[in-house]
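Below is start.cif, holding mmCIF, C-alpha atoms.
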```cif
data_coords
loop_
_atom_site.label_atom_id
_atom_site.label_comp_id
_atom_site.auth_asym_id
_atom_site.auth_seq_id
_atom_site.Cartn_x
_atom_site.Cartn_y
_atom_site.Cartn_z
CA MET A 1 -22.19 55.02 -5.97
CA ASN A 2 -23.53 51.98 -4.11
CA LEU A 3 -21.39 49.42 -2.28
CA TYR A 4 -21.51 46.90 -5.14
CA ASP A 5 -20.05 49.45 -7.60
CA ARG A 6 -17.39 50.46 -5.08
CA ILE A 7 -16.37 46.81 -4.61
CA LEU A 8 -16.07 46.36 -8.38
CA LYS A 9 -13.86 49.46 -8.63
CA LYS A 10 -11.81 48.23 -5.62
CA ASP A 11 -12.79 51.34 -3.68
CA ALA A 12 -14.36 49.01 -1.10
CA THR A 13 -13.05 45.73 0.30
CA ILE A 14 -14.59 42.36 1.06
CA ALA A 15 -13.46 40.62 4.26
CA VAL A 16 -13.92 36.90 4.84
CA ILE A 17 -13.89 35.87 8.51
CA GLY A 18 -12.88 32.23 9.03
CA LEU A 19 -10.55 30.67 6.46
CA GLY A 20 -11.33 26.97 6.70
CA TYR A 21 -12.89 24.61 4.14
CA VAL A 22 -15.57 27.18 3.34
CA GLY A 23 -13.99 30.58 3.92
CA LEU A 24 -10.70 30.20 2.08
CA PRO A 25 -12.19 29.12 -1.29
CA ILE A 26 -14.68 32.00 -1.07
CA ALA A 27 -11.95 34.50 -0.22
CA LEU A 28 -9.72 33.39 -3.10
CA ALA A 29 -12.60 33.32 -5.59
CA PHE A 30 -13.45 36.94 -4.77
CA ALA A 31 -9.77 37.94 -4.68
CA ARG A 32 -9.41 37.04 -8.36
CA LYS A 33 -11.95 39.77 -9.13
CA VAL A 34 -11.93 42.31 -6.29
CA LYS A 35 -10.00 43.39 -3.18
CA VAL A 36 -10.19 40.98 -0.22
CA ILE A 37 -9.03 40.68 3.38
CA GLY A 38 -8.84 37.10 4.64
CA PHE A 39 -9.15 36.93 8.44
CA ASP A 40 -8.60 33.98 10.77
CA ILE A 41 -7.95 33.98 14.51
CA ASN A 42 -5.27 31.26 14.12
CA GLU A 43 -1.98 33.09 13.49
CA LYS A 44 -0.21 29.87 12.43
CA ARG A 45 -2.85 29.14 9.75
CA VAL A 46 -2.62 32.73 8.52
CA GLY A 47 1.17 32.34 8.19
CA MET A 48 0.70 29.22 6.06
CA MET A 49 -1.79 30.97 3.76
CA LYS A 50 0.59 33.89 3.28
CA LYS A 51 2.97 31.30 1.80
CA GLY A 52 0.27 29.89 -0.48
CA ILE A 53 -0.41 26.82 1.65
CA ASP A 54 -3.95 25.68 2.44
CA PRO A 55 -3.97 24.26 6.01
CA SER A 56 -7.01 22.16 5.04
CA GLN A 57 -5.10 20.62 2.11
CA GLU A 58 -8.00 21.27 -0.27
CA LEU A 59 -6.33 23.91 -2.46
CA VAL A 60 -2.95 23.97 -4.20
CA LYS A 61 -0.38 26.77 -4.50
CA ASP A 62 -1.67 27.84 -7.93
CA ASP A 63 -5.07 28.63 -6.39
CA PHE A 64 -3.43 31.51 -4.49
CA LYS A 65 -1.93 33.11 -7.62
CA ASN A 66 -3.27 36.34 -9.14
CA CYS A 67 -5.32 37.07 -6.02
CA ASP A 68 -5.67 40.54 -4.48
CA ILE A 69 -5.86 39.30 -0.90
CA THR A 70 -4.32 40.27 2.43
CA PHE A 71 -4.24 37.52 5.07
CA THR A 72 -4.38 38.64 8.69
CA HIS A 73 -5.25 37.64 12.25
CA LYS A 74 -5.48 41.26 13.46
CA ILE A 75 -8.91 42.79 14.07
CA GLU A 76 -7.46 46.23 13.33
CA ASP A 77 -6.98 45.24 9.67
CA LEU A 78 -10.68 44.44 9.32
CA LYS A 79 -11.57 48.11 9.78
CA LYS A 80 -10.53 48.62 6.14
CA ALA A 81 -13.33 46.32 4.97
CA ASN A 82 -16.90 47.23 4.03
CA PHE A 83 -18.54 43.89 3.15
CA PHE A 84 -18.01 41.13 5.72
CA ILE A 85 -18.61 37.44 5.01
CA VAL A 86 -18.69 35.21 8.10
CA ALA A 87 -17.78 31.58 7.35
CA VAL A 88 -16.89 30.01 10.68
CA PRO A 89 -17.81 26.48 11.84
CA THR A 90 -21.07 25.80 13.68
CA PRO A 91 -20.42 22.55 15.59
CA ILE A 92 -22.40 20.74 18.25
CA ASP A 93 -21.30 20.01 21.81
CA GLU A 94 -21.09 16.67 23.62
CA HIS A 95 -24.86 16.80 24.24
CA ASN A 96 -25.62 17.33 20.52
CA LEU A 97 -26.65 20.93 21.19
CA PRO A 98 -25.60 23.86 18.96
CA ASP A 99 -22.25 25.35 19.89
CA LEU A 100 -22.46 28.99 18.77
CA LYS A 101 -19.15 30.08 20.33
CA PRO A 102 -17.28 30.39 16.99
CA LEU A 103 -20.22 32.28 15.43
CA ILE A 104 -20.66 34.67 18.36
CA GLY A 105 -16.88 35.13 18.49
CA ALA A 106 -16.84 36.07 14.79
CA SER A 107 -19.75 38.47 15.37
CA ASN A 108 -17.75 40.07 18.18
CA THR A 109 -14.81 40.49 15.80
CA VAL A 110 -16.91 42.01 13.01
CA GLY A 111 -18.75 44.25 15.49
CA GLN A 112 -15.45 45.86 16.47
CA ALA A 113 -14.71 46.72 12.82
CA LEU A 114 -18.23 47.66 11.67
CA LYS A 115 -18.90 51.15 10.27
CA LYS A 116 -21.93 52.99 8.95
CA GLY A 117 -22.93 51.68 5.52
CA ASP A 118 -21.20 48.30 5.95
CA TYR A 119 -22.72 44.92 5.12
CA VAL A 120 -22.42 41.62 7.01
CA VAL A 121 -23.35 38.31 5.37
CA TYR A 122 -23.39 35.04 7.33
CA GLU A 123 -22.63 31.75 5.57
CA SER A 124 -22.38 29.45 8.59
CA THR A 125 -25.15 26.84 8.84
CA VAL A 126 -27.57 27.77 11.65
CA TYR A 127 -31.16 27.20 12.74
CA PRO A 128 -33.79 29.61 11.37
CA GLY A 129 -33.73 32.83 13.36
CA CYS A 130 -30.15 32.55 14.59
CA THR A 131 -28.74 35.41 12.48
CA GLU A 132 -31.35 37.89 13.69
CA GLU A 133 -31.79 36.60 17.25
CA ASP A 134 -28.21 35.72 18.21
CA CYS A 135 -25.76 37.47 15.87
CA ILE A 136 -27.22 40.89 15.09
CA PRO A 137 -27.56 41.95 18.78
CA VAL A 138 -23.82 41.28 19.15
CA LEU A 139 -23.04 43.41 16.09
CA GLU A 140 -25.18 46.26 17.45
CA GLN A 141 -23.68 46.08 20.93
CA LEU A 142 -20.05 46.11 19.78
CA SER A 143 -20.43 48.66 16.97
CA LYS A 144 -22.93 50.98 18.75
CA LEU A 145 -24.76 51.10 15.39
CA LYS A 146 -28.39 50.31 14.56
CA TYR A 147 -29.31 47.30 12.42
CA VAL A 148 -30.85 48.20 9.03
CA LYS A 149 -30.52 51.95 9.66
CA ASP A 150 -26.71 52.00 9.97
CA PHE A 151 -25.61 48.62 8.63
CA LYS A 152 -27.19 45.80 6.62
CA VAL A 153 -27.15 42.06 7.22
CA GLY A 154 -27.83 39.09 4.96
CA TYR A 155 -27.54 35.33 4.97
CA SER A 156 -26.17 33.22 2.10
CA PRO A 157 -25.58 29.59 3.08
CA GLU A 158 -22.39 27.86 2.00
CA ARG A 159 -22.70 24.98 -0.41
CA ILE A 160 -19.09 23.83 -0.54
CA ASN A 161 -18.49 20.08 -0.56
CA PRO A 162 -14.94 19.18 0.66
CA GLY A 163 -13.04 17.11 -1.89
CA ASP A 164 -15.48 17.94 -4.70
CA LYS A 165 -13.61 19.60 -7.58
CA GLU A 166 -16.73 19.85 -9.75
CA HIS A 167 -19.28 21.56 -7.49
CA THR A 168 -17.13 24.51 -6.43
CA ILE A 169 -18.21 27.91 -5.07
CA THR A 170 -18.27 29.46 -8.55
CA LYS A 171 -20.32 26.65 -10.12
CA ILE A 172 -23.24 26.30 -7.68
CA LEU A 173 -26.36 28.49 -7.65
CA LYS A 174 -26.18 30.65 -4.52
CA ILE A 175 -29.08 31.32 -2.15
CA VAL A 176 -28.99 34.93 -0.94
CA SER A 177 -31.12 36.94 1.46
CA GLY A 178 -31.09 40.40 2.98
CA CYS A 179 -32.70 42.47 5.71
CA ASP A 180 -34.51 44.65 3.14
CA LYS A 181 -34.97 45.03 -0.62
CA GLU A 182 -31.87 47.19 -1.06
CA SER A 183 -29.57 44.79 0.82
CA LEU A 184 -30.97 41.76 -1.03
CA ASP A 185 -30.16 43.43 -4.36
CA ILE A 186 -26.62 44.45 -3.32
CA ILE A 187 -25.78 41.07 -1.75
CA SER A 188 -27.07 39.25 -4.83
CA LYS A 189 -24.95 41.39 -7.16
CA VAL A 190 -21.83 40.95 -5.03
CA TYR A 191 -22.09 37.14 -5.11
CA GLU A 192 -22.80 37.22 -8.85
CA ILE A 193 -19.27 38.60 -9.26
CA ILE A 194 -18.01 35.05 -8.72
CA VAL A 195 -21.02 32.71 -8.96
CA GLU A 196 -21.57 31.80 -12.62
CA PRO A 197 -25.09 30.27 -12.34
CA GLY A 198 -26.29 33.35 -10.43
CA THR A 199 -28.36 33.59 -7.28
CA HIS A 200 -31.73 32.60 -5.85
CA LYS A 201 -33.22 35.43 -3.81
CA ALA A 202 -34.92 34.11 -0.69
CA SER A 203 -37.79 36.17 0.71
CA SER A 204 -36.15 36.54 4.13
CA ILE A 205 -33.06 35.68 6.15
CA ALA A 206 -35.02 33.00 8.06
CA VAL A 207 -36.15 31.34 4.81
CA ALA A 208 -32.52 31.16 3.59
CA GLU A 209 -31.41 29.71 6.95
CA ALA A 210 -34.19 27.10 6.80
CA ALA A 211 -33.38 26.19 3.19
CA LYS A 212 -29.80 25.37 4.14
CA ILE A 213 -30.66 23.38 7.25
CA ILE A 214 -33.11 21.11 5.40
CA GLU A 215 -30.64 20.33 2.59
CA ASN A 216 -28.54 18.25 4.95
CA THR A 217 -31.47 17.10 7.09
CA GLN A 218 -33.12 15.60 4.00
CA ARG A 219 -29.96 13.70 3.11
CA ASP A 220 -29.52 12.55 6.71
CA VAL A 221 -33.04 11.11 6.93
CA ASN A 222 -32.73 9.36 3.57
CA ILE A 223 -29.39 7.79 4.48
CA ALA A 224 -30.85 6.72 7.83
CA LEU A 225 -33.58 4.86 5.96
CA MET A 226 -30.93 3.06 3.89
CA ASN A 227 -28.97 2.19 7.04
CA GLU A 228 -32.06 0.79 8.73
CA LEU A 229 -32.91 -1.22 5.61
CA SER A 230 -29.34 -2.53 5.64
CA ILE A 231 -29.76 -3.80 9.20
CA ILE A 232 -33.05 -5.48 8.26
CA PHE A 233 -31.68 -7.05 5.06
CA ASN A 234 -28.62 -8.30 6.92
CA LYS A 235 -30.93 -10.32 9.18
CA MET A 236 -32.46 -11.79 6.01
CA ASN A 237 -29.04 -12.56 4.47
CA ILE A 238 -29.85 -10.23 1.56
CA ASN A 239 -27.17 -7.91 0.12
CA THR A 240 -28.43 -4.33 0.49
CA TYR A 241 -26.52 -3.00 -2.51
CA GLU A 242 -28.04 -5.64 -4.76
CA VAL A 243 -31.49 -4.61 -3.50
CA LEU A 244 -30.74 -0.94 -4.20
CA GLU A 245 -29.38 -1.78 -7.64
CA ALA A 246 -32.63 -3.56 -8.50
CA ALA A 247 -34.90 -0.89 -6.98
CA GLY A 248 -32.87 1.83 -8.72
CA THR A 249 -34.12 0.65 -12.12
CA LYS A 250 -37.36 2.55 -11.44
CA TRP A 251 -37.18 6.10 -12.82
CA ASN A 252 -38.29 7.87 -9.63
CA PHE A 253 -36.39 5.82 -7.05
CA LEU A 254 -34.17 8.08 -4.91
CA LYS A 255 -30.62 6.75 -5.07
CA PHE A 256 -29.21 6.90 -1.56
CA SER A 257 -26.95 4.25 -0.02
CA PRO A 258 -26.08 3.13 3.52
CA GLY A 259 -22.91 4.27 5.25
CA LEU A 260 -21.27 6.20 8.08
CA VAL A 261 -22.67 9.72 8.40
CA GLY A 262 -20.12 12.05 9.95
CA GLY A 263 -18.45 15.31 9.03
CA HIS A 264 -19.35 18.87 9.86
CA CYS A 265 -22.59 19.07 7.85
CA ILE A 266 -24.94 16.09 7.53
CA GLY A 267 -24.01 14.65 10.92
CA VAL A 268 -24.39 18.03 12.66
CA ASP A 269 -26.93 20.30 10.97
CA PRO A 270 -30.09 18.30 11.81
CA TYR A 271 -29.35 18.84 15.51
CA TYR A 272 -29.61 22.61 14.95
CA LEU A 273 -33.11 22.15 13.53
CA THR A 274 -34.27 19.75 16.27
CA TYR A 275 -32.88 22.16 18.90
CA LYS A 276 -34.95 25.01 17.47
CA ALA A 277 -38.01 22.75 17.22
CA GLU A 278 -37.65 21.77 20.92
CA SER A 279 -37.45 25.45 21.90
CA LEU A 280 -40.82 25.91 20.17
CA GLY A 281 -42.34 22.94 22.00
CA TYR A 282 -42.17 20.38 19.20
CA HIS A 283 -40.25 17.10 19.32
CA ALA A 284 -39.02 16.25 15.81
CA ARG A 285 -39.62 12.50 15.69
CA VAL A 286 -38.51 11.64 12.13
CA ILE A 287 -35.35 13.77 12.24
CA ASN A 288 -34.32 12.51 15.69
CA SER A 289 -34.96 8.90 14.69
CA GLY A 290 -32.76 9.36 11.63
CA ARG A 291 -30.02 10.85 13.77
CA TYR A 292 -30.22 7.92 16.21
CA VAL A 293 -29.86 5.38 13.39
CA ASN A 294 -26.95 7.17 11.72
CA ASP A 295 -25.11 7.87 14.97
CA SER A 296 -25.25 4.17 15.86
CA MET A 297 -23.85 2.80 12.59
CA GLY A 298 -20.19 2.87 13.62
CA PHE A 299 -20.97 0.69 16.64
CA TYR A 300 -23.11 -1.61 14.46
CA VAL A 301 -20.27 -2.12 11.95
CA ALA A 302 -17.78 -2.89 14.73
CA LYS A 303 -20.12 -5.35 16.49
CA THR A 304 -20.83 -7.15 13.23
CA CYS A 305 -17.11 -7.49 12.58
CA VAL A 306 -16.62 -8.89 16.10
CA LYS A 307 -19.43 -11.43 15.57
CA LYS A 308 -17.88 -12.58 12.29
CA ILE A 309 -14.45 -13.02 13.93
CA ILE A 310 -16.00 -15.04 16.80
CA ALA A 311 -17.95 -17.13 14.26
CA ALA A 312 -14.62 -17.97 12.61
CA GLY A 313 -13.58 -19.66 15.88
CA LYS A 314 -11.19 -16.97 17.13
CA ASN A 315 -10.66 -15.52 20.60
CA ILE A 316 -11.87 -11.95 20.19
CA SER A 317 -9.77 -10.59 23.07
CA LYS A 318 -6.64 -11.78 21.26
CA SER A 319 -7.72 -10.61 17.82
CA LYS A 320 -6.21 -7.85 15.72
CA VAL A 321 -8.25 -5.68 13.34
CA LEU A 322 -7.09 -3.20 10.68
CA VAL A 323 -9.30 -0.18 10.02
CA MET A 324 -8.64 1.40 6.63
CA GLY A 325 -9.70 5.03 6.49
CA ALA A 326 -10.19 7.52 9.33
CA THR A 327 -11.54 10.68 7.66
CA PHE A 328 -15.26 11.48 7.60
CA LYS A 329 -15.49 10.89 3.83
CA GLU A 330 -13.41 9.72 0.90
CA ASP A 331 -10.40 11.56 -0.56
CA VAL A 332 -10.27 14.38 2.04
CA SER A 333 -8.10 15.01 5.10
CA ASP A 334 -11.01 16.24 7.23
CA ILE A 335 -11.50 14.13 10.38
CA ARG A 336 -14.20 16.28 12.04
CA ASN A 337 -17.00 14.15 13.47
CA SER A 338 -15.64 11.03 11.78
CA LYS A 339 -17.74 8.01 12.70
CA VAL A 340 -14.72 5.79 12.13
CA ALA A 341 -13.81 6.81 15.69
CA ASP A 342 -16.96 4.97 16.86
CA ILE A 343 -15.78 1.81 15.09
CA VAL A 344 -12.39 2.00 16.79
CA LYS A 345 -13.91 2.71 20.21
CA GLU A 346 -16.35 -0.21 19.97
CA LEU A 347 -13.67 -2.66 18.79
CA LYS A 348 -11.41 -1.69 21.67
CA SER A 349 -14.26 -2.24 24.14
CA PHE A 350 -14.10 -5.95 23.17
CA GLY A 351 -10.37 -6.05 23.89
CA VAL A 352 -9.46 -6.06 20.18
CA LYS A 353 -6.08 -4.67 19.16
CA VAL A 354 -6.90 -2.02 16.54
CA GLU A 355 -4.55 -0.52 13.96
CA ILE A 356 -5.59 2.37 11.70
CA VAL A 357 -4.24 3.50 8.34
CA ASP A 358 -5.29 6.40 6.12
CA PRO A 359 -3.47 8.05 3.18
CA HIS A 360 -5.07 11.46 3.81
CA ALA A 361 -5.53 11.90 7.57
CA ASP A 362 -2.99 13.48 9.92
CA SER A 363 -1.92 11.17 12.76
CA ASP A 364 -1.37 13.97 15.28
CA GLU A 365 -4.81 15.43 14.57
CA LEU A 366 -6.41 12.03 15.10
CA LYS A 367 -4.49 11.57 18.35
CA HIS A 368 -5.61 14.97 19.60
CA GLU A 369 -9.25 14.54 18.55
CA TYR A 370 -9.91 10.86 19.21
CA GLY A 371 -7.01 9.48 21.23
CA PHE A 372 -5.56 7.24 18.53
CA GLY A 373 -3.05 7.81 15.75
CA LEU A 374 -2.14 6.08 12.49
CA ASN A 375 -0.12 2.88 12.21
CA LYS A 376 1.98 1.17 9.56
CA MET A 377 0.06 -1.57 7.82
CA GLY A 378 1.08 -5.02 9.01
CA LYS A 379 -0.15 -8.56 8.44
CA GLY A 380 -2.07 -11.30 10.22
CA TYR A 381 -5.23 -9.31 10.85
CA ASP A 382 -8.27 -11.28 11.97
CA GLY A 383 -10.44 -8.57 10.48
CA VAL A 384 -10.02 -5.72 8.01
CA ILE A 385 -12.63 -2.95 7.94
CA VAL A 386 -12.50 -0.72 4.86
CA ALA A 387 -14.36 2.19 6.45
CA VAL A 388 -13.70 4.96 3.90
CA ASN A 389 -13.67 4.42 0.14
CA HIS A 390 -10.55 6.46 -0.66
CA LYS A 391 -9.41 6.25 -4.28
CA GLU A 392 -6.25 4.51 -3.08
CA TYR A 393 -8.38 1.57 -1.89
CA LYS A 394 -10.60 1.10 -4.93
CA GLN A 395 -8.16 -1.04 -6.91
CA LEU A 396 -7.27 -3.41 -4.07
CA ASP A 397 -7.98 -7.03 -4.92
CA GLU A 398 -8.41 -10.42 -3.27
CA LYS A 399 -4.68 -11.07 -3.43
CA PHE A 400 -3.99 -7.96 -1.35
CA PHE A 401 -6.56 -8.82 1.34
CA ASN A 402 -5.32 -12.39 1.54
CA SER A 403 -1.83 -11.02 2.13
CA VAL A 404 -2.86 -8.99 5.20
CA LEU A 405 -5.59 -11.23 6.66
CA SER A 406 -4.95 -14.23 8.88
CA LYS A 407 -6.48 -17.60 8.08
CA LYS A 408 -10.29 -17.31 8.19
CA GLY A 409 -9.90 -13.54 8.44
CA VAL A 410 -12.95 -11.31 7.88
CA LEU A 411 -13.25 -8.42 5.41
CA VAL A 412 -15.83 -5.73 6.23
CA ASP A 413 -16.51 -3.44 3.28
CA VAL A 414 -18.62 -0.59 4.68
CA LYS A 415 -19.50 1.04 1.34
CA GLY A 416 -19.68 -2.13 -0.74
CA MET A 417 -16.69 -1.25 -2.93
CA TYR A 418 -15.65 -4.85 -3.50
CA LYS A 419 -19.05 -6.51 -3.92
CA LYS A 420 -18.98 -9.22 -6.62
CA LYS A 421 -15.17 -8.83 -6.85
CA LEU A 422 -14.12 -11.16 -4.04
CA LYS A 423 -14.96 -14.87 -3.91
CA GLY A 424 -12.65 -16.67 -1.49
CA LEU A 425 -12.97 -14.40 1.56
CA THR A 426 -15.37 -14.12 4.46
CA TYR A 427 -16.97 -10.87 3.30
CA TRP A 428 -19.63 -8.53 4.70
CA SER A 429 -20.87 -5.07 3.77
CA LEU A 430 -23.74 -2.83 4.81
#
```
Please go through the file and, once you have read it, give me the structure as structure tokens.
Amino acid sequence: MNLYDRILKKDATIAVIGLGYVGLPIALAFARKVKVIGFDINEKRVGMMKKGIDPSQELVKDDFKNCDITFTHKIEDLKKANFFIVAVPTPIDEHNLPDLKPLIGASNTVGQALKKGDYVVYESTVYPGCTEEDCIPVLEQLSKLKYVKDFKVGYSPERINPGDKEHTITKILKIVSGCDKESLDIISKVYEIIVEPGTHKASSIAVAEAAKIIENTQRDVNIALMNELSIIFNKMNINTYEVLEAAGTKWNFLKFSPGLVGGHCIGVDPYYLTYKAESLGYHARVINSGRYVNDSMGFYVAKTCVKKIIAAGKNISKSKVLVMGATFKEDVSDIRNSKVADIVKELKSFGVKVEIVDPHADSDELKHEYGFGLNKMGKGYDGVIVAVNHKEYKQLDEKFFNSVLSKKGVLVDVKGMYKKKLKGLTYWSL
């Protein structure tokens, strides 16, 4: 009986290492069908999940029901597992270089629990070659087992989009890869237990890694083009969204829009690819240029707001600005790599008093990560920047903004939510 059949019969167990935005949904999806161990190094988070609470605030209590899952922070418990899925973050450091510490740490953990015949599948986004060059040697060293001969490894990139209730783990075609034909077949069948559209079998682990890294790199470059066009059109006094609306009438026009590019995927993954390219002696010009444009947009938004306030005849060092939204995208609590922090930092560099509100973000997390917390919304703001288009903000009207803005106050609408809706305000959007 192969490992897939044993998993179906609950004679073998799947372990998911890392229970964040990616790992927890995967663990629970499998736990509705087979036996699962959910592992996270954070004991406090594990305690919350045992009570049916998602620390990331993405899932509700009902999502934990009817699940055959054991949550743990103890490596000893992982020795009962046979099929390991690694879903830990792959961030960048302050120099925009890959930070593999969480991935190597997870490989250390799995290596201590690995047995003959076990499988390890990585889901964390990495540069092509990382699984085989960086992770597998750790597994071999800790387990004293030989790759391929004693244990199998695959790569199946995550495609979870935080806040998206439509494109969930069970609804999206899954890329899978393995170290040989047998492992590719087994890994594919295991994921097909939960993934309704099935799987796409990549020819190698490196191909699967590369496929994932270019998904977000492609989006990053396209958004960078829109951001650069926005800067150009602003100098021409042309509304970018009206231009995109007109251009979008052509059947093959790609519909991207300008905005802040943060988060743990699009704003991070391209740096993994450019890092690998540099190690091979190639400087990725297009990708790096796109990253430069997108990383500078928070500062550009803040400076434009400052210019508008000065143009209104106000003393910028005595001005007060409200920033609405602090998460990296709409309708989520995730603040990782939020470019709103760049807006706040730039405004403060001009001596502006900045207040921040957000219906989803955690004030303590913001304070710890960026040095500022949330405030209660006041009045008399010389500028209001709607930085994140949360659903709570979509119905706000001119009456509301007039009530919080001072005379000749400026409204900056980063995503163009209120275009054509406001007439009596000094208004600007990307």
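With all atoms listed in the file as the atoms that count, the residue of A:Asp150, A:Glu158, A:Glu245, A:Asp118 with the shortest distance to Ile7 of chain A is A:Asp118.
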**OP:** Run the PyMOL selection byres ((chain A and resi 371-380) around 7) mentally over the shown coordinates, then write out the matched residues as a PyMOL selection string, using the chain letters and numbers from the document.
**Re:** chain A and resi 355-357+363-364+366-370+381-382+403-406
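A cut-off of 6 Å from the point (-8.8, 31.6, -5.1), with all atoms listed in the file, picks out the residues Pro25, Leu28, Ala29, Asp63 and Phe64 of chain A.
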Original post:
Hey, which of A:Leu97, A:Val88, A:Ile266, A:Ile343 ends up closest to Tyr21 of chain A? Count all atoms listed in the file.
Top reply: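 For Tyr21 of chain A, the nearest of the given residues is A:Val88.
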**OP:** Give me the residues within 9 Å of Lys308 of chain A as a PyMOL selection string, counting only C-alpha atoms and dropping any in the same chain fewer than 3 places off.
**Re:** chain A and resi 303-305+311-312+383+409-410+426+428
**OP:** Compute the distance from (-21.9, 30.2, 8.9) to each atom, counting only C-alpha atoms, keep the residues with any atom at most 7 Å away, and return them as a ChimeraX atom specification; use the coordinates of the file.
**Re:** /A:86-90,122-126,157
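Closest to Asn315 of chain A among A:Gly281, A:Asn294, A:Leu229, A:Val352 is A:Val352, based on all atoms listed in the file.
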Original post:
So what does the PyMOL selection byres ((chain A and resi 52) around 6) actually pick up in this one, as a VMD selection string?
Top reply: chain A and resid 49 to 51 53 61 64
Original post:
For the file shown, what are the residues hit by the PyMOL selection byres ((chain A and resi 275) around 12), laid out as a list in words?
Top reply: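 Here the PyMOL selection byres ((chain A and resi 275) around 12) matches Ile92, His95, Asn96, Leu97, Pro98, Asp99, Val126, Tyr127, Pro128, Cys130, Ile213, Val268, Asp269, Pro270, Tyr271, Tyr272, Leu273, Thr274, Lys276, Ala277, Glu278, Ser279, Leu280, Gly281, Tyr282, His283, Ala284, Ile287 and Asn288 of chain A.
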